[in-house]
>>> print(open('coords-v1.cif').read())   # mmCIF, C-alpha atoms
data_protein
#
loop_
_atom_site.label_atom_id
_atom_site.label_comp_id
_atom_site.auth_asym_id
_atom_site.auth_seq_id
_atom_site.Cartn_x
_atom_site.Cartn_y
_atom_site.Cartn_z
CA MET A 115 0.00 0.00 0.00
CA THR A 116 1.42 3.41 -0.95
CA SER A 117 1.45 6.29 1.52
CA GLU A 118 -1.18 8.06 -0.59
CA GLU A 119 -3.44 5.00 -0.39
CA THR A 120 -2.84 4.80 3.33
CA PHE A 121 -3.70 8.48 3.70
CA ALA A 122 -6.89 8.07 1.72
CA ARG A 123 -7.87 5.12 3.86
CA VAL A 124 -7.38 7.06 7.08
CA LEU A 125 -9.20 10.12 5.82
CA THR A 126 -12.37 8.06 5.40
CA ALA A 127 -12.93 8.52 9.14
CA GLU A 128 -14.05 12.07 8.39
CA THR A 129 -16.25 11.22 5.44
CA GLN A 130 -17.44 7.72 6.30
CA THR A 131 -21.10 8.61 6.81
CA ALA A 132 -21.36 10.27 3.40
CA LEU A 133 -19.50 7.43 1.71
CA ASP A 134 -21.62 4.79 3.44
CA ARG A 135 -24.80 6.47 2.28
CA ALA A 136 -23.47 6.81 -1.26
CA VAL A 137 -22.47 3.14 -1.42
CA ALA A 138 -25.64 1.94 0.25
CA SER A 139 -27.83 3.93 -2.11
CA THR A 140 -26.65 1.72 -4.98
CA HIS A 141 -28.16 -1.41 -3.40
CA ARG A 142 -31.75 -2.28 -2.56
CA HIS A 143 -30.75 -3.13 1.04
CA GLU A 144 -30.04 0.56 1.62
CA ALA A 145 -33.63 0.97 2.77
CA LEU A 146 -33.02 -1.54 5.58
CA PHE A 147 -30.41 0.51 7.42
CA SER A 148 -31.53 2.35 10.53
CA ASP A 149 -30.72 6.03 10.85
CA ARG A 150 -28.50 4.99 13.74
CA ALA A 151 -26.29 2.91 11.44
CA PHE A 152 -25.02 6.04 9.73
CA HIS A 153 -23.89 7.49 13.07
CA ILE A 154 -21.43 4.62 13.56
CA LYS A 155 -18.15 6.01 12.33
CA GLN A 156 -14.99 4.39 11.16
CA SER A 157 -12.31 4.81 13.84
CA ALA A 158 -9.24 6.75 12.81
CA VAL A 159 -7.44 5.20 15.77
CA ARG A 160 -8.12 1.67 14.53
CA ASP A 161 -6.99 2.64 11.03
CA VAL A 162 -3.72 3.98 12.37
CA PHE A 163 -3.21 0.85 14.46
CA ASP A 164 -3.47 -1.17 11.25
CA ILE A 165 -0.95 1.11 9.55
CA SER A 166 1.43 0.87 12.49
CA ILE A 167 2.36 -2.74 11.78
CA ARG A 168 4.20 -1.73 8.60
CA PRO A 169 7.88 -2.74 8.89
CA GLY A 170 10.20 0.13 9.73
CA LEU A 171 7.55 2.44 11.15
CA ILE A 172 7.87 3.70 14.69
CA SER A 173 4.41 3.94 16.18
CA LEU A 174 3.84 6.72 18.67
CA ALA A 175 0.12 6.16 18.12
CA GLY A 176 -1.06 3.18 20.12
CA GLY A 177 -2.09 3.54 23.74
CA SER A 178 -1.07 0.00 24.61
CA PRO A 179 0.35 -1.24 27.90
CA TYR A 180 3.76 -2.88 28.12
CA LEU A 181 3.15 -6.62 28.55
CA ARG A 182 6.64 -8.14 28.52
CA SER A 183 7.02 -7.69 32.26
CA LEU A 184 4.03 -9.97 32.96
CA PRO A 185 4.81 -13.53 34.19
CA LEU A 186 3.71 -14.97 30.86
CA ASP A 187 5.03 -18.51 31.41
CA ASP A 188 3.32 -18.73 34.78
CA LEU A 189 0.12 -17.27 33.36
CA GLY A 190 0.22 -19.95 30.68
CA VAL A 191 0.32 -22.58 33.43
CA SER A 192 -2.57 -20.81 35.18
CA ALA A 193 -4.63 -20.83 31.98
CA GLN A 194 -3.89 -24.52 31.45
CA ARG A 195 -4.91 -25.30 35.02
CA ILE A 196 -8.15 -23.35 34.66
CA VAL A 197 -9.20 -25.36 31.63
CA ALA A 198 -7.95 -28.69 32.97
CA GLU A 199 -9.41 -28.37 36.47
CA HIS A 200 -12.35 -26.02 35.97
CA GLY A 201 -13.09 -26.38 32.28
CA LEU A 202 -16.76 -27.23 32.69
CA GLU A 203 -17.23 -23.89 34.43
CA ALA A 204 -14.72 -21.85 32.42
CA LEU A 205 -16.07 -22.95 29.04
CA GLN A 206 -19.77 -22.82 29.95
CA TYR A 207 -22.21 -19.92 30.14
CA GLY A 208 -21.77 -17.84 33.27
CA ALA A 209 -23.61 -15.30 35.38
CA GLY A 210 -24.64 -12.16 33.57
CA GLN A 211 -23.36 -9.92 36.35
CA GLY A 212 -19.97 -11.62 36.38
CA MET A 213 -18.29 -14.02 38.79
CA GLU A 214 -18.46 -13.13 42.46
CA GLU A 215 -14.73 -13.63 43.06
CA LEU A 216 -13.81 -11.15 40.35
CA ARG A 217 -16.39 -8.62 41.55
CA ILE A 218 -14.84 -8.82 45.03
CA GLN A 219 -11.38 -8.39 43.53
CA ALA A 220 -12.53 -5.38 41.51
CA CYS A 221 -13.58 -3.80 44.80
CA GLU A 222 -10.08 -4.46 46.18
CA VAL A 223 -8.56 -2.67 43.17
CA MET A 224 -10.92 0.27 43.65
CA ALA A 225 -10.05 0.41 47.36
CA ALA A 226 -6.40 0.86 46.40
CA GLU A 227 -7.49 3.97 44.47
CA GLY A 228 -9.64 5.42 47.23
CA ILE A 229 -13.11 3.94 46.68
CA THR A 230 -13.47 2.15 50.01
CA ASP A 231 -17.25 1.64 50.11
CA ALA A 232 -17.74 -0.41 46.94
CA ASP A 233 -20.05 -3.40 47.32
CA PRO A 234 -19.51 -6.40 44.99
CA ALA A 235 -23.30 -6.57 44.63
CA ASP A 236 -23.18 -3.22 42.80
CA VAL A 237 -20.42 -4.31 40.40
CA VAL A 238 -21.15 -5.55 36.89
CA ILE A 239 -18.30 -7.25 35.01
CA THR A 240 -18.17 -5.97 31.44
CA THR A 241 -16.41 -6.85 28.20
CA GLY A 242 -13.94 -4.04 28.67
CA SER A 243 -15.06 -0.58 29.70
CA GLN A 244 -15.95 0.17 26.06
CA SER A 245 -19.02 -2.05 26.31
CA ALA A 246 -20.04 -0.27 29.51
CA GLN A 247 -19.97 3.06 27.68
CA ASP A 248 -22.24 1.60 25.03
CA VAL A 249 -24.64 0.25 27.65
CA ALA A 250 -24.70 3.59 29.47
CA ALA A 251 -25.66 5.34 26.24
CA LYS A 252 -28.36 2.77 25.56
CA VAL A 253 -29.85 2.90 29.05
CA PHE A 254 -29.79 6.65 29.68
CA CYS A 255 -29.93 8.46 26.34
CA ASN A 256 -32.67 9.14 23.82
CA PRO A 257 -31.87 10.55 20.37
CA GLY A 258 -31.15 14.25 20.72
CA ASP A 259 -30.11 14.10 24.38
CA VAL A 260 -26.85 15.79 25.33
CA VAL A 261 -23.78 14.13 26.81
CA LEU A 262 -21.12 16.51 28.08
CA CYS A 263 -17.47 15.58 27.65
CA GLU A 264 -13.99 17.03 27.86
CA ASP A 265 -12.38 18.48 24.76
CA PRO A 266 -10.50 16.39 23.77
CA THR A 267 -11.92 13.03 24.83
CA TYR A 268 -11.66 9.31 24.11
CA VAL A 269 -12.56 8.49 20.52
CA GLY A 270 -14.18 5.18 21.49
CA ALA A 271 -16.64 6.96 23.75
CA LEU A 272 -17.48 9.44 20.99
CA ASN A 273 -18.24 6.54 18.67
CA ALA A 274 -20.30 4.72 21.29
CA PHE A 275 -22.45 7.72 22.19
CA GLU A 276 -22.86 9.14 18.71
CA ALA A 277 -24.15 5.76 17.50
CA TYR A 278 -27.16 6.38 19.76
CA GLU A 279 -27.78 9.75 18.08
CA VAL A 280 -26.89 11.85 21.07
CA GLU A 281 -25.37 15.31 20.90
CA MET A 282 -21.84 15.38 22.32
CA HIS A 283 -21.05 18.78 23.79
CA ALA A 284 -17.36 19.38 24.40
CA LEU A 285 -16.20 21.40 27.41
CA PRO A 286 -12.92 23.32 27.66
CA VAL A 287 -10.03 21.92 29.66
CA ASP A 288 -7.01 23.71 31.10
CA SER A 289 -3.87 22.39 32.78
CA GLU A 290 -5.97 21.34 35.80
CA GLY A 291 -8.61 19.53 33.80
CA LEU A 292 -12.29 20.30 33.34
CA VAL A 293 -13.11 23.91 34.22
CA PRO A 294 -16.01 24.04 36.72
CA GLU A 295 -17.17 27.49 35.61
CA ALA A 296 -17.31 26.32 31.99
CA LEU A 297 -19.37 23.31 33.07
CA GLU A 298 -21.88 25.55 34.85
CA GLU A 299 -22.10 27.90 31.88
CA ALA A 300 -22.64 25.03 29.43
CA ILE A 301 -25.42 23.54 31.54
CA ALA A 302 -27.21 26.87 31.76
CA SER A 303 -26.79 27.59 28.04
CA LEU A 304 -27.92 24.17 26.85
CA ARG A 305 -30.93 24.13 29.13
CA GLY A 306 -31.77 27.62 27.95
CA GLN A 307 -31.95 26.12 24.45
CA GLY A 308 -34.36 23.44 25.66
CA LYS A 309 -31.77 20.65 25.59
CA THR A 310 -31.92 17.60 27.86
CA ILE A 311 -28.53 16.83 29.42
CA LYS A 312 -28.19 13.26 30.65
CA MET A 313 -24.53 12.66 31.50
CA LEU A 314 -21.06 14.04 31.91
CA TYR A 315 -18.56 11.57 30.47
CA THR A 316 -15.13 12.24 31.95
CA ILE A 317 -11.66 10.69 32.15
CA PRO A 318 -10.39 12.65 35.15
CA SER A 319 -6.99 10.99 35.55
CA PHE A 320 -4.53 11.21 32.64
CA ASN A 321 -7.18 11.91 30.06
CA ASN A 322 -7.02 10.03 26.78
CA PRO A 323 -5.75 11.77 24.66
CA SER A 324 -4.49 14.86 26.49
CA GLY A 325 -2.79 13.28 29.50
CA VAL A 326 -4.29 16.04 31.68
CA THR A 327 -5.51 15.24 35.20
CA LEU A 328 -8.47 16.88 36.90
CA ALA A 329 -7.05 18.66 39.96
CA ALA A 330 -8.05 17.24 43.34
CA ARG A 331 -9.49 20.60 44.41
CA ARG A 332 -11.90 20.59 41.44
CA ARG A 333 -13.20 17.05 41.76
CA GLN A 334 -15.92 17.43 44.36
CA ARG A 335 -17.04 20.70 42.85
CA ILE A 336 -17.61 18.96 39.49
CA VAL A 337 -19.69 16.29 41.24
CA ASP A 338 -21.71 18.89 43.14
CA ILE A 339 -22.46 20.90 39.99
CA CYS A 340 -23.75 17.80 38.20
CA ALA A 341 -25.71 16.58 41.23
CA ARG A 342 -27.56 19.89 41.51
CA ALA A 343 -28.39 19.71 37.81
CA ASN A 344 -29.43 16.02 37.99
CA ILE A 345 -26.72 15.01 35.53
CA LEU A 346 -25.18 11.56 36.01
CA ILE A 347 -21.38 11.39 35.93
CA LEU A 348 -19.89 8.54 33.92
CA GLU A 349 -16.35 8.33 35.27
CA ASP A 350 -13.95 6.36 33.05
CA ASN A 351 -10.78 5.63 35.02
CA PRO A 352 -8.58 3.04 33.26
CA TYR A 353 -5.31 4.85 34.05
CA GLY A 354 -5.95 6.00 37.62
CA MET A 355 -3.54 3.51 39.22
CA LEU A 356 -0.74 4.59 36.88
CA ARG A 357 0.17 7.87 38.54
CA PHE A 358 3.94 8.10 38.37
CA ASP A 359 4.41 9.08 42.03
CA GLY A 360 2.36 6.10 43.20
CA ASN A 361 -0.30 8.23 44.88
CA PRO A 362 -3.45 8.09 42.74
CA LEU A 363 -5.99 10.84 43.24
CA ALA A 364 -9.27 9.71 44.74
CA PRO A 365 -11.79 9.13 41.94
CA LEU A 366 -14.94 11.22 41.65
CA ARG A 367 -16.85 8.15 42.81
CA ALA A 368 -15.09 8.13 46.20
CA GLY A 369 -17.65 9.48 48.64
CA ASN A 370 -20.27 9.99 45.92
CA PRO A 371 -22.04 6.61 45.57
CA HIS A 372 -25.32 8.02 44.23
CA ASP A 373 -24.12 10.44 41.57
CA VAL A 374 -21.24 8.66 39.79
CA LEU A 375 -21.29 5.54 37.64
CA TYR A 376 -17.68 4.36 37.73
CA LEU A 377 -15.95 2.40 34.95
CA GLY A 378 -12.79 0.40 35.58
CA SER A 379 -10.68 -1.78 33.34
CA PHE A 380 -8.02 -4.48 33.57
CA SER A 381 -6.74 -3.49 30.12
CA LYS A 382 -4.11 -1.05 31.41
CA ILE A 383 -3.19 -2.66 34.74
CA PHE A 384 -3.13 -6.25 33.42
CA ALA A 385 -3.81 -6.99 29.76
CA PRO A 386 -6.22 -5.59 27.15
CA GLY A 387 -6.57 -8.92 25.37
CA VAL A 388 -8.65 -10.40 28.18
CA ARG A 389 -11.34 -7.76 27.42
CA VAL A 390 -12.48 -7.52 31.04
CA GLY A 391 -13.63 -4.38 32.80
CA TRP A 392 -16.24 -3.48 35.34
CA ALA A 393 -18.88 -0.92 36.23
CA LEU A 394 -19.62 0.17 39.79
CA VAL A 395 -23.22 1.26 39.41
CA PRO A 396 -25.27 3.35 41.87
CA ARG A 397 -27.59 0.89 43.54
CA HIS A 398 -30.77 2.62 42.40
CA LEU A 399 -29.57 2.31 38.76
CA HIS A 400 -28.04 -1.13 38.99
CA ARG A 401 -30.86 -3.39 37.79
CA ARG A 402 -31.53 -1.70 34.46
CA PHE A 403 -27.83 -1.28 33.74
CA TYR A 404 -27.13 -4.94 34.52
CA LEU A 405 -30.06 -6.15 32.40
CA ALA A 406 -28.86 -4.04 29.46
CA CYS A 407 -25.37 -5.55 29.78
CA GLU A 408 -26.86 -9.03 29.85
CA ALA A 409 -28.92 -8.25 26.75
CA VAL A 410 -25.73 -7.39 24.83
CA VAL A 411 -23.29 -10.16 25.80
CA LEU A 412 -25.51 -12.58 27.76
CA CYS A 413 -22.54 -13.10 30.08
CA PRO A 414 -18.91 -11.97 30.18
CA SER A 415 -16.48 -14.75 29.35
CA PRO A 416 -16.00 -17.07 32.35
CA LEU A 417 -12.64 -18.18 30.96
CA THR A 418 -11.13 -14.71 30.82
CA GLN A 419 -12.71 -13.75 34.13
CA MET A 420 -11.10 -16.76 35.77
CA LEU A 421 -7.73 -15.87 34.25
CA VAL A 422 -7.96 -12.31 35.58
CA SER A 423 -9.01 -13.65 39.00
CA ALA A 424 -6.05 -16.04 39.01
CA TYR A 425 -3.70 -13.18 38.18
CA LEU A 426 -5.07 -11.00 40.98
CA ARG A 427 -5.13 -13.91 43.46
CA ASP A 428 -1.88 -15.72 42.69
CA TYR A 429 0.50 -12.98 41.54
CA ASP A 430 1.74 -9.71 43.01
CA TRP A 431 -0.38 -7.38 40.86
CA ARG A 432 0.42 -4.42 43.08
CA GLN A 433 4.16 -4.86 42.43
CA HIS A 434 3.46 -5.14 38.70
CA ILE A 435 1.68 -1.79 38.85
CA ARG A 436 4.57 -0.25 40.81
CA ASP A 437 7.01 -1.54 38.18
CA SER A 438 4.79 -0.26 35.39
CA ARG A 439 4.68 3.22 36.92
CA VAL A 440 8.48 3.37 36.93
CA LEU A 441 8.67 2.19 33.32
CA TYR A 442 6.01 4.60 32.05
CA ALA A 443 7.50 7.51 33.99
CA SER A 444 10.88 6.85 32.36
CA ARG A 445 9.38 6.63 28.89
CA CYS A 446 7.34 9.78 29.45
CA ALA A 447 10.48 11.62 30.53
CA ALA A 448 12.27 10.34 27.42
CA MET A 449 9.51 11.68 25.19
CA LEU A 450 9.39 15.03 26.94
CA ALA A 451 13.16 15.36 26.54
CA ALA A 452 12.98 14.45 22.85
CA LEU A 453 10.17 16.94 22.23
CA SER A 454 12.18 19.67 23.93
CA ASP A 455 15.29 18.81 21.90
CA GLU A 456 13.71 18.30 18.49
CA LEU A 457 10.51 20.27 18.01
CA PRO A 458 10.46 23.83 16.68
CA ASP A 459 9.34 26.87 18.62
CA GLY A 460 5.59 27.31 18.44
CA VAL A 461 4.75 23.72 19.39
CA SER A 462 3.57 23.11 22.95
CA TRP A 463 2.63 19.95 24.81
CA THR A 464 1.12 18.66 28.02
CA VAL A 465 3.25 17.24 30.82
CA PRO A 466 1.32 14.31 32.31
CA ASP A 467 1.92 12.84 35.75
CA GLY A 468 0.66 9.42 34.76
CA GLY A 469 -1.00 7.39 32.03
CA PHE A 470 0.15 6.87 28.45
CA PHE A 471 -0.22 10.09 26.45
CA ILE A 472 1.18 13.51 25.57
CA TRP A 473 -0.93 16.04 23.63
CA LEU A 474 0.79 18.36 21.16
CA SER A 475 -0.59 21.73 20.07
CA LEU A 476 0.61 23.31 16.84
CA PRO A 477 -0.15 26.89 15.73
CA ALA A 478 -3.62 27.67 14.45
CA GLY A 479 -3.91 27.00 10.75
CA VAL A 480 -2.05 23.68 10.84
CA ASP A 481 -4.31 20.69 10.20
CA THR A 482 -2.62 17.57 11.58
CA TYR A 483 -4.79 15.09 9.66
CA PRO A 484 -3.05 15.59 6.30
CA LEU A 485 0.30 15.48 8.09
CA LEU A 486 -0.23 11.83 8.92
CA TYR A 487 0.77 10.58 5.49
CA GLU A 488 3.87 12.80 5.52
CA ALA A 489 4.77 11.30 8.88
CA ILE A 490 4.26 7.79 7.52
CA ASP A 491 6.67 8.60 4.68
CA ALA A 492 9.12 9.78 7.34
CA GLY A 493 8.70 6.51 9.26
CA VAL A 494 6.59 7.53 12.24
CA VAL A 495 2.89 7.36 13.14
CA PHE A 496 0.74 9.51 15.44
CA ILE A 497 -3.00 10.08 15.96
CA PRO A 498 -4.42 13.35 14.54
CA GLY A 499 -6.28 15.45 17.04
CA ALA A 500 -9.53 15.62 15.07
CA ALA A 501 -10.24 12.01 16.05
CA PHE A 502 -10.79 13.07 19.66
CA SER A 503 -13.38 15.79 19.21
CA PRO A 504 -17.08 15.71 18.35
CA SER A 505 -16.45 18.74 16.13
CA ASP A 506 -15.98 18.31 12.39
CA GLU A 507 -13.48 21.18 12.34
CA PRO A 508 -9.80 20.60 11.47
CA SER A 509 -7.49 20.28 14.46
CA SER A 510 -3.99 21.58 15.06
CA LYS A 511 -3.48 18.96 17.79
CA LEU A 512 -2.08 15.44 17.80
CA ARG A 513 -1.62 12.61 20.29
CA LEU A 514 1.62 10.79 21.02
CA ALA A 515 1.79 7.63 23.14
CA PHE A 516 4.91 6.56 25.03
CA SER A 517 3.67 3.48 26.90
CA ALA A 518 4.61 0.66 24.50
CA VAL A 519 7.71 2.17 22.85
CA SER A 520 11.33 1.88 23.98
CA GLU A 521 13.17 5.04 24.94
CA GLU A 522 15.41 4.64 21.90
CA ASP A 523 12.43 4.39 19.54
CA ILE A 524 10.74 7.32 21.27
CA ALA A 525 13.77 9.52 20.58
CA GLU A 526 14.04 8.35 16.97
CA GLY A 527 10.31 8.69 16.37
CA VAL A 528 10.27 12.29 17.59
CA ARG A 529 13.37 13.01 15.49
CA ARG A 530 11.50 11.74 12.40
CA LEU A 531 8.35 13.70 13.29
CA ALA A 532 10.05 17.05 13.90
CA PRO A 533 10.75 18.04 10.26
CA VAL A 534 7.19 17.08 9.28
CA LEU A 535 5.80 19.50 11.85
CA ARG A 536 8.36 22.17 10.97
CA ARG A 537 7.42 22.12 7.28
CA ALA A 538 3.70 22.25 8.12
CA MET A 539 4.22 25.29 10.30
CA GLU A 540 6.25 27.01 7.61
CA ARG A 541 3.49 26.38 5.06
CA ALA A 542 0.82 27.72 7.43
CA ALA A 543 2.87 30.83 8.13
CA GLY A 544 3.74 31.59 4.61
#
>>> encode(input="coords-v1.cif", output="structure tokens")
Amino acid sequence: MTSEETFARVLTAETQTALDRAVASTHRHEALFSDRAFHIKQSAVRDVFDISIRPGLISLAGGSPYLRSLPLDDLGVSAQRIVAEHGLEALQYGAGQGMEELRIQACEVMAAEGITDADPADVVITTGSQSAQDVAAKVFCNPGDVVLCEDPTYVGALNAFEAYEVEMHALPVDSEGLVPEALEEAIASLRGQGKTIKMLYTIPSFNNPSGVTLAARRRQRIVDICARANILILEDNPYGMLRFDGNPLAPLRAGNPHDVLYLGSFSKIFAPGVRVGWALVPRHLHRRFYLACEAVVLCPSPLTQMLVSAYLRDYDWRQHIRDSRVLYASRCAAMLAALSDELPDGVSWTVPDGGFFIWLSLPAGVDTYPLLYEAIDAGVVFIPGAAFSPSDEPSSKLRLAFSAVSEEDIAEGVRRLAPVLRRAMERAAG
């Protein structure tokens, strides 16, 4: 595949709805599509992941955890034992809410973050937190309802919510995260327009893609604003344990059991391939949320649940997280140093204290989407910023990920990226 073909393939993320309708209109089955089907967009992130496997490319795109430090041989023995000794349970249908042992263990993980009052009865095991976002949209949102989110925000959540024909309203973020005053103003403005606001979707710790963390002093205020307005908070916290200093900030859910629906995931603290996450649901909302989950997957995989339980029970998962923090902190520092050494004046970036990502801002007038194919020609891949916004406007931002890349490749990848950005800035200026 040529770089031009690659570029064209990635750009379809912006025009997929129009293309889908054009293609569908040539076939009699076009009339069978729901309106909702045309709100399901092709993911630019998934496209770039596919591109990233090209030999010779350095991918600064994928937000993947480092897995080589896991006890893979021992986990292989654990998996073999699960099938050999508990195969009739592991390979059979299971409980729709998830296995009790894993729900108890999820509460232990949350307690390490600061949620000390979680009850396993209120936990629903999910097929990753992505499926929980989809279920939340299904359960709480009608077409035309508003979901508030940070700008930028997780592309998977945008896709999940927009598929249900909701209006995503992006809120400004500064170096301390979501701005409470902007949240209050948006609520008043939207309600003045007759809009129905159902949820605030937020990634308060090491936001994907920006890496920004909501300051501790703002957290309760955000909850209080939403509680007064009867807006449910959907807190997505896959990176919370990965604060570099080892002291995670208490989640919004801590101390707010009635107003926050909390989403956790084993993808970043164990392994994404198991596709296991969980939702801690306010008790008065639990039944409908659980039934909606069951309607989608019937039951989460008993086999993968048992593997995650074995990992949490039989291995030192806390030490693995401590080791991961050290590794990610070192790689983040390597990327920050490379950016400082290589990038031209006029480019700025966030400085995260945890997670996987750094967010670059180029001068206004630079569209980072077309730069992707130039970067591919130069041997490096990133994610354009437009993927992380509900707006259709061009973006001068881009996301870099340091989590799964060696320090040597980080330095070389930034070195390859720098002239691409420099030329783009020169074109925009001249």
>>> closest_residue(input="coords-v1.cif", among="A:Leu441, A:Ile345, A:Val534, A:Ile301", to="A:Pro458", atoms="all atoms listed in the file")
A:Val534
>>> axis_aligned_box(input="coords-v1.cif", around="stretch 189-202 of chain A", padding_each_side="5 Å", output="JSON")
{"center_x": -8.2, "center_y": -23.0, "center_z": 33.6, "size_x": 27.1, "size_y": 21.4, "size_z": 15.8}
>>> resolve_selection(input="coords-v1.cif", expression="the PyMOL selection byres ((chain A and resi 383) around 12)", output="compact mmCIF listing (two decimals) with C-alpha atoms, in the frame of the given file")
# COMPACT_ATOMS: atom_id res chain seq x y z
CA SER A 178 -1.07 0.00 24.61
CA PRO A 179 0.35 -1.24 27.90
CA TYR A 180 3.76 -2.88 28.12
CA LEU A 181 3.15 -6.62 28.55
CA SER A 183 7.02 -7.69 32.26
CA LEU A 184 4.03 -9.97 32.96
CA ALA A 220 -12.53 -5.38 41.51
CA VAL A 223 -8.56 -2.67 43.17
CA ASN A 351 -10.78 5.63 35.02
CA PRO A 352 -8.58 3.04 33.26
CA TYR A 353 -5.31 4.85 34.05
CA GLY A 354 -5.95 6.00 37.62
CA MET A 355 -3.54 3.51 39.22
CA LEU A 356 -0.74 4.59 36.88
CA ARG A 357 0.17 7.87 38.54
CA GLY A 378 -12.79 0.40 35.58
CA SER A 379 -10.68 -1.78 33.34
CA PHE A 380 -8.02 -4.48 33.57
CA SER A 381 -6.74 -3.49 30.12
CA LYS A 382 -4.11 -1.05 31.41
CA PHE A 384 -3.13 -6.25 33.42
CA ALA A 385 -3.81 -6.99 29.76
CA PRO A 386 -6.22 -5.59 27.15
CA GLY A 387 -6.57 -8.92 25.37
CA VAL A 388 -8.65 -10.40 28.18
CA VAL A 390 -12.48 -7.52 31.04
CA GLY A 391 -13.63 -4.38 32.80
CA VAL A 422 -7.96 -12.31 35.58
CA TYR A 425 -3.70 -13.18 38.18
CA LEU A 426 -5.07 -11.00 40.98
CA ASP A 430 1.74 -9.71 43.01
CA TRP A 431 -0.38 -7.38 40.86
CA ARG A 432 0.42 -4.42 43.08
CA GLN A 433 4.16 -4.86 42.43
CA HIS A 434 3.46 -5.14 38.70
CA ILE A 435 1.68 -1.79 38.85
CA ARG A 436 4.57 -0.25 40.81
CA ASP A 437 7.01 -1.54 38.18
CA SER A 438 4.79 -0.26 35.39
CA ARG A 439 4.68 3.22 36.92
CA GLY A 469 -1.00 7.39 32.03
CA PHE A 470 0.15 6.87 28.45
>>> resolve_selection(input="coords-v1.cif", expression="the PyMOL selection byres ((chain A and resi 256-272) around 6)", output="VMD selection string")
chain A and resid 255 273 to 276 279 to 286 310 to 316 322 502 to 503
>>> residues_around(input="coords-v1.cif", residues="A:His398", least_positions_apart="3", cutoff="9 Å", atoms="only C-alpha atoms", output="MDAnalysis selection string")
chainID A and resid 372 395 401
